[in-house]
Amino acid sequence: MHAAIYPGSFDPVTFGHLDIINRAAEMFDEVIVSVLDNCNKTPLFSVEERVNILKKATEDIPNIRVESFSGLLIDYAKSIDVNIAIRGLRAITDFEYELQIAQTNKLLSGGALDTIFLTTSLEYAYLSSSGVKEIAYFNGDISKCVPDFVADMVYEKYRHKNDKRG
Ligand code: PNS
């Protein structure tokens with residue numbers, strides 16, 4: 001059984017992530033989409049919300065599992081007995097950061113964890129979760145960036161936040 005982990009923050013999942021998920025699902029028997037539960041960051045969506053969003057967004061792909069993890073990726077990967085991580089590469093600007101993480105993970109895991117990069121489809125090359133959040137914050141149109149139900153949830157979050165600000 002050939003499985004791979006696709007780790008990330010997914011706050012929220014975008015069409016760019018879903019493009020990577022779809023393509024990875026064709027290459028591996030199982031792809032475990034793993035949401036990082038990082039208490040240092042203050043995400044828009046809780047880990048539970050992000051896991052549920054991802055489950056709904058990938059419900060038509062049979063060989064996808066969605067989980068969350070905290071701590072180091074190498075420890076999580078070892079705990080579920082998977083030794084391949086998938087990451088999407090958008091532009092050249094992603095490369096140095098991604099290479100650093102991949103090399104560190106390879107070193108820390110004693111060579112066990114390899115990272116495979118998929119280049120994002122060109123139409124999604126400039127899409128990012130933080131960009132989506134900024135557009136939504138200012139009430140812009142994110143319908144080309146995320147599935148409709150995700151867009152509704154993002155707008156809803158900002159509506160509440162703005163209500164609280166008064
Ligand atoms: O979607 P993101 O925020 O770019 O994903 C980054 C992620 C989750 C892949 C990375 O931050 C990660 O794996 N964090 C877990 C902690 C860890 O293992 N750090 C060591 C890598 S240098």
# chains A, B, ... in the order shown; residues from 1 in each chain; ligands from 1
>>> residues_around(residues="Ala136 (chain A)", least_positions_apart="3", cutoff="9 Å", atoms="only C-alpha atoms", output="ChimeraX atom specification")
/A:131-133,139-142,151,154-155,158
>>> select_by_dssp(residues="region 59-97 of chain A", states="strand (DSSP E or B)", output="number ranges by chain")
A: 64-69, 84-89
>>> atom_distance(atom1="CA of Phe117 (chain A)", atom2="CA of Met153 (chain A)")
29.4 Å
>>> closest_residue(among="A:Glu30, A:Asp114, A:Glu156, A:Asp37", to="ligand 1", atoms="only C-alpha atoms and all ligand atoms")
A:Asp37
>>> residues_near_ligand(ligand="ligand 1", cutoff="6 Å", atoms="only C-alpha atoms and all ligand atoms", output="VMD selection string")
chain A and resid 7 to 10 36 71 to 74 101 104 to 105
>>> write_last_selection(atoms="C-alpha atoms", output="compact mmCIF listing (two decimals), in the first residue's frame")
# COMPACT_ATOMS: atom_id res chain seq x y z
CA PRO A 7 0.27 18.31 5.39
CA GLY A 8 -0.71 21.93 5.72
CA SER A 9 -2.61 24.61 7.57
CA PHE A 10 -5.55 24.65 5.12
CA LEU A 36 -1.53 21.08 11.40
CA GLY A 71 4.05 18.49 16.85
CA LEU A 72 6.61 17.51 14.28
CA LEU A 73 5.59 16.15 10.90
CA ILE A 74 8.23 13.42 11.09
CA ILE A 101 11.41 22.04 5.41
CA THR A 104 15.14 19.29 7.63
CA ASN A 105 12.50 16.58 7.70
>>> closest_residue(among="A:Lys161, A:Arg65, A:Arg87, A:His17", to="Thr115 (chain A)", atoms="only C-alpha atoms")
A:Arg87
>>> closest_residue(among="A:Phe45, A:Phe15, A:Phe28, A:Tyr137", to="Val82 (chain A)", atoms="only C-alpha atoms")
A:Phe28
>>> closest_residue(among="A:Ala112, A:Val31, A:Leu54, A:Ala85", to="Asp11 (chain A)", atoms="only C-alpha atoms")
A:Leu54
>>> atom_distance(atom1="CA of His2 (chain A)", atom2="CA of Asp29 (chain A)")
5.3 Å
>>> atom_distance(atom1="CA of Thr93 (chain A)", atom2="CA of Asp148 (chain A)")
28.5 Å
>>> closest_residue(among="A:Leu113, A:Glu59, A:Val35, A:Leu108", to="Ala4 (chain A)", atoms="only C-alpha atoms")
A:Leu113
>>> closest_residue(among="A:Asp81, A:Thr14, A:Val66, A:Gly111", to="Lys144 (chain A)", atoms="only C-alpha atoms")
A:Thr14
>>> select_by_dssp(residues="region 7-73 of chain A", states="alpha helix (DSSP H)", output="PyMOL selection string")
chain A and resi 15-27+47-57+73
>>> write_last_selection(atoms="N, CA and C atoms", output="JSON list (two decimals), in the first residue's frame")
[["chain", "number", "residue", "atom", "x", "y", "z"],
["A", 15, "PHE", "N", -8.78, 26.11, -4.03],
["A", 15, "PHE", "CA", -8.77, 25.28, -5.24],
["A", 15, "PHE", "C", -7.35, 24.81, -5.56],
["A", 16, "GLY", "N", -6.36, 25.57, -5.14],
["A", 16, "GLY", "CA", -4.96, 25.16, -5.35],
["A", 16, "GLY", "C", -4.65, 23.89, -4.56],
["A", 17, "HIS", "N", -5.07, 23.86, -3.28],
["A", 17, "HIS", "CA", -4.89, 22.65, -2.47],
["A", 17, "HIS", "C", -5.66, 21.48, -3.09],
["A", 18, "LEU", "N", -6.90, 21.76, -3.51],
["A", 18, "LEU", "CA", -7.75, 20.67, -4.02],
["A", 18, "LEU", "C", -7.18, 20.10, -5.32],
["A", 19, "ASP", "N", -6.54, 20.96, -6.09],
["A", 19, "ASP", "CA", -5.87, 20.50, -7.31],
["A", 19, "ASP", "C", -4.75, 19.51, -6.95],
["A", 20, "ILE", "N", -3.96, 19.86, -5.95],
["A", 20, "ILE", "CA", -2.88, 18.96, -5.50],
["A", 20, "ILE", "C", -3.47, 17.65, -4.95],
["A", 21, "ILE", "N", -4.53, 17.77, -4.15],
["A", 21, "ILE", "CA", -5.16, 16.59, -3.55],
["A", 21, "ILE", "C", -5.66, 15.64, -4.64],
["A", 22, "ASN", "N", -6.35, 16.20, -5.63],
["A", 22, "ASN", "CA", -6.88, 15.37, -6.72],
["A", 22, "ASN", "C", -5.78, 14.64, -7.47],
["A", 23, "ARG", "N", -4.70, 15.36, -7.75],
["A", 23, "ARG", "CA", -3.62, 14.74, -8.53],
["A", 23, "ARG", "C", -2.87, 13.72, -7.70],
["A", 24, "ALA", "N", -2.68, 14.03, -6.40],
["A", 24, "ALA", "CA", -1.98, 13.07, -5.52],
["A", 24, "ALA", "C", -2.80, 11.80, -5.36],
["A", 25, "ALA", "N", -4.13, 11.97, -5.32],
["A", 25, "ALA", "CA", -5.01, 10.81, -5.13],
["A", 25, "ALA", "C", -4.91, 9.84, -6.30],
["A", 26, "GLU", "N", -4.50, 10.35, -7.46],
["A", 26, "GLU", "CA", -4.33, 9.47, -8.62],
["A", 26, "GLU", "C", -2.99, 8.74, -8.60],
["A", 27, "MET", "N", -2.07, 9.26, -7.80],
["A", 27, "MET", "CA", -0.72, 8.67, -7.77],
["A", 27, "MET", "C", -0.52, 7.68, -6.64],
["A", 47, "VAL", "N", -9.15, 23.73, 14.17],
["A", 47, "VAL", "CA", -8.70, 22.50, 13.52],
["A", 47, "VAL", "C", -9.90, 21.63, 13.13],
["A", 48, "GLU", "N", -10.86, 21.51, 14.04],
["A", 48, "GLU", "CA", -12.05, 20.69, 13.76],
["A", 48, "GLU", "C", -12.79, 21.22, 12.54],
["A", 49, "GLU", "N", -12.92, 22.54, 12.48],
["A", 49, "GLU", "CA", -13.61, 23.13, 11.33],
["A", 49, "GLU", "C", -12.85, 22.85, 10.03],
["A", 50, "ARG", "N", -11.53, 22.98, 10.10],
["A", 50, "ARG", "CA", -10.72, 22.76, 8.89],
["A", 50, "ARG", "C", -10.77, 21.31, 8.43],
["A", 51, "VAL", "N", -10.78, 20.40, 9.41],
["A", 51, "VAL", "CA", -10.89, 18.97, 9.07],
["A", 51, "VAL", "C", -12.24, 18.70, 8.41],
["A", 52, "ASN", "N", -13.30, 19.26, 8.99],
["A", 52, "ASN", "CA", -14.65, 19.03, 8.44],
["A", 52, "ASN", "C", -14.80, 19.64, 7.05],
["A", 53, "ILE", "N", -14.22, 20.82, 6.87],
["A", 53, "ILE", "CA", -14.27, 21.46, 5.55],
["A", 53, "ILE", "C", -13.57, 20.57, 4.51],
["A", 54, "LEU", "N", -12.39, 20.09, 4.89],
["A", 54, "LEU", "CA", -11.62, 19.25, 3.97],
["A", 54, "LEU", "C", -12.37, 17.95, 3.66],
["A", 55, "LYS", "N", -13.01, 17.38, 4.69],
["A", 55, "LYS", "CA", -13.77, 16.14, 4.46],
["A", 55, "LYS", "C", -14.87, 16.38, 3.44],
["A", 56, "LYS", "N", -15.57, 17.49, 3.62],
["A", 56, "LYS", "CA", -16.67, 17.80, 2.70],
["A", 56, "LYS", "C", -16.14, 18.09, 1.28],
["A", 57, "ALA", "N", -15.04, 18.84, 1.22],
["A", 57, "ALA", "CA", -14.49, 19.23, -0.09],
["A", 57, "ALA", "C", -13.92, 18.04, -0.86],
["A", 73, "LEU", "N", 6.12, 16.97, 11.99],
["A", 73, "LEU", "CA", 5.59, 16.15, 10.90],
["A", 73, "LEU", "C", 6.24, 14.76, 10.89]]
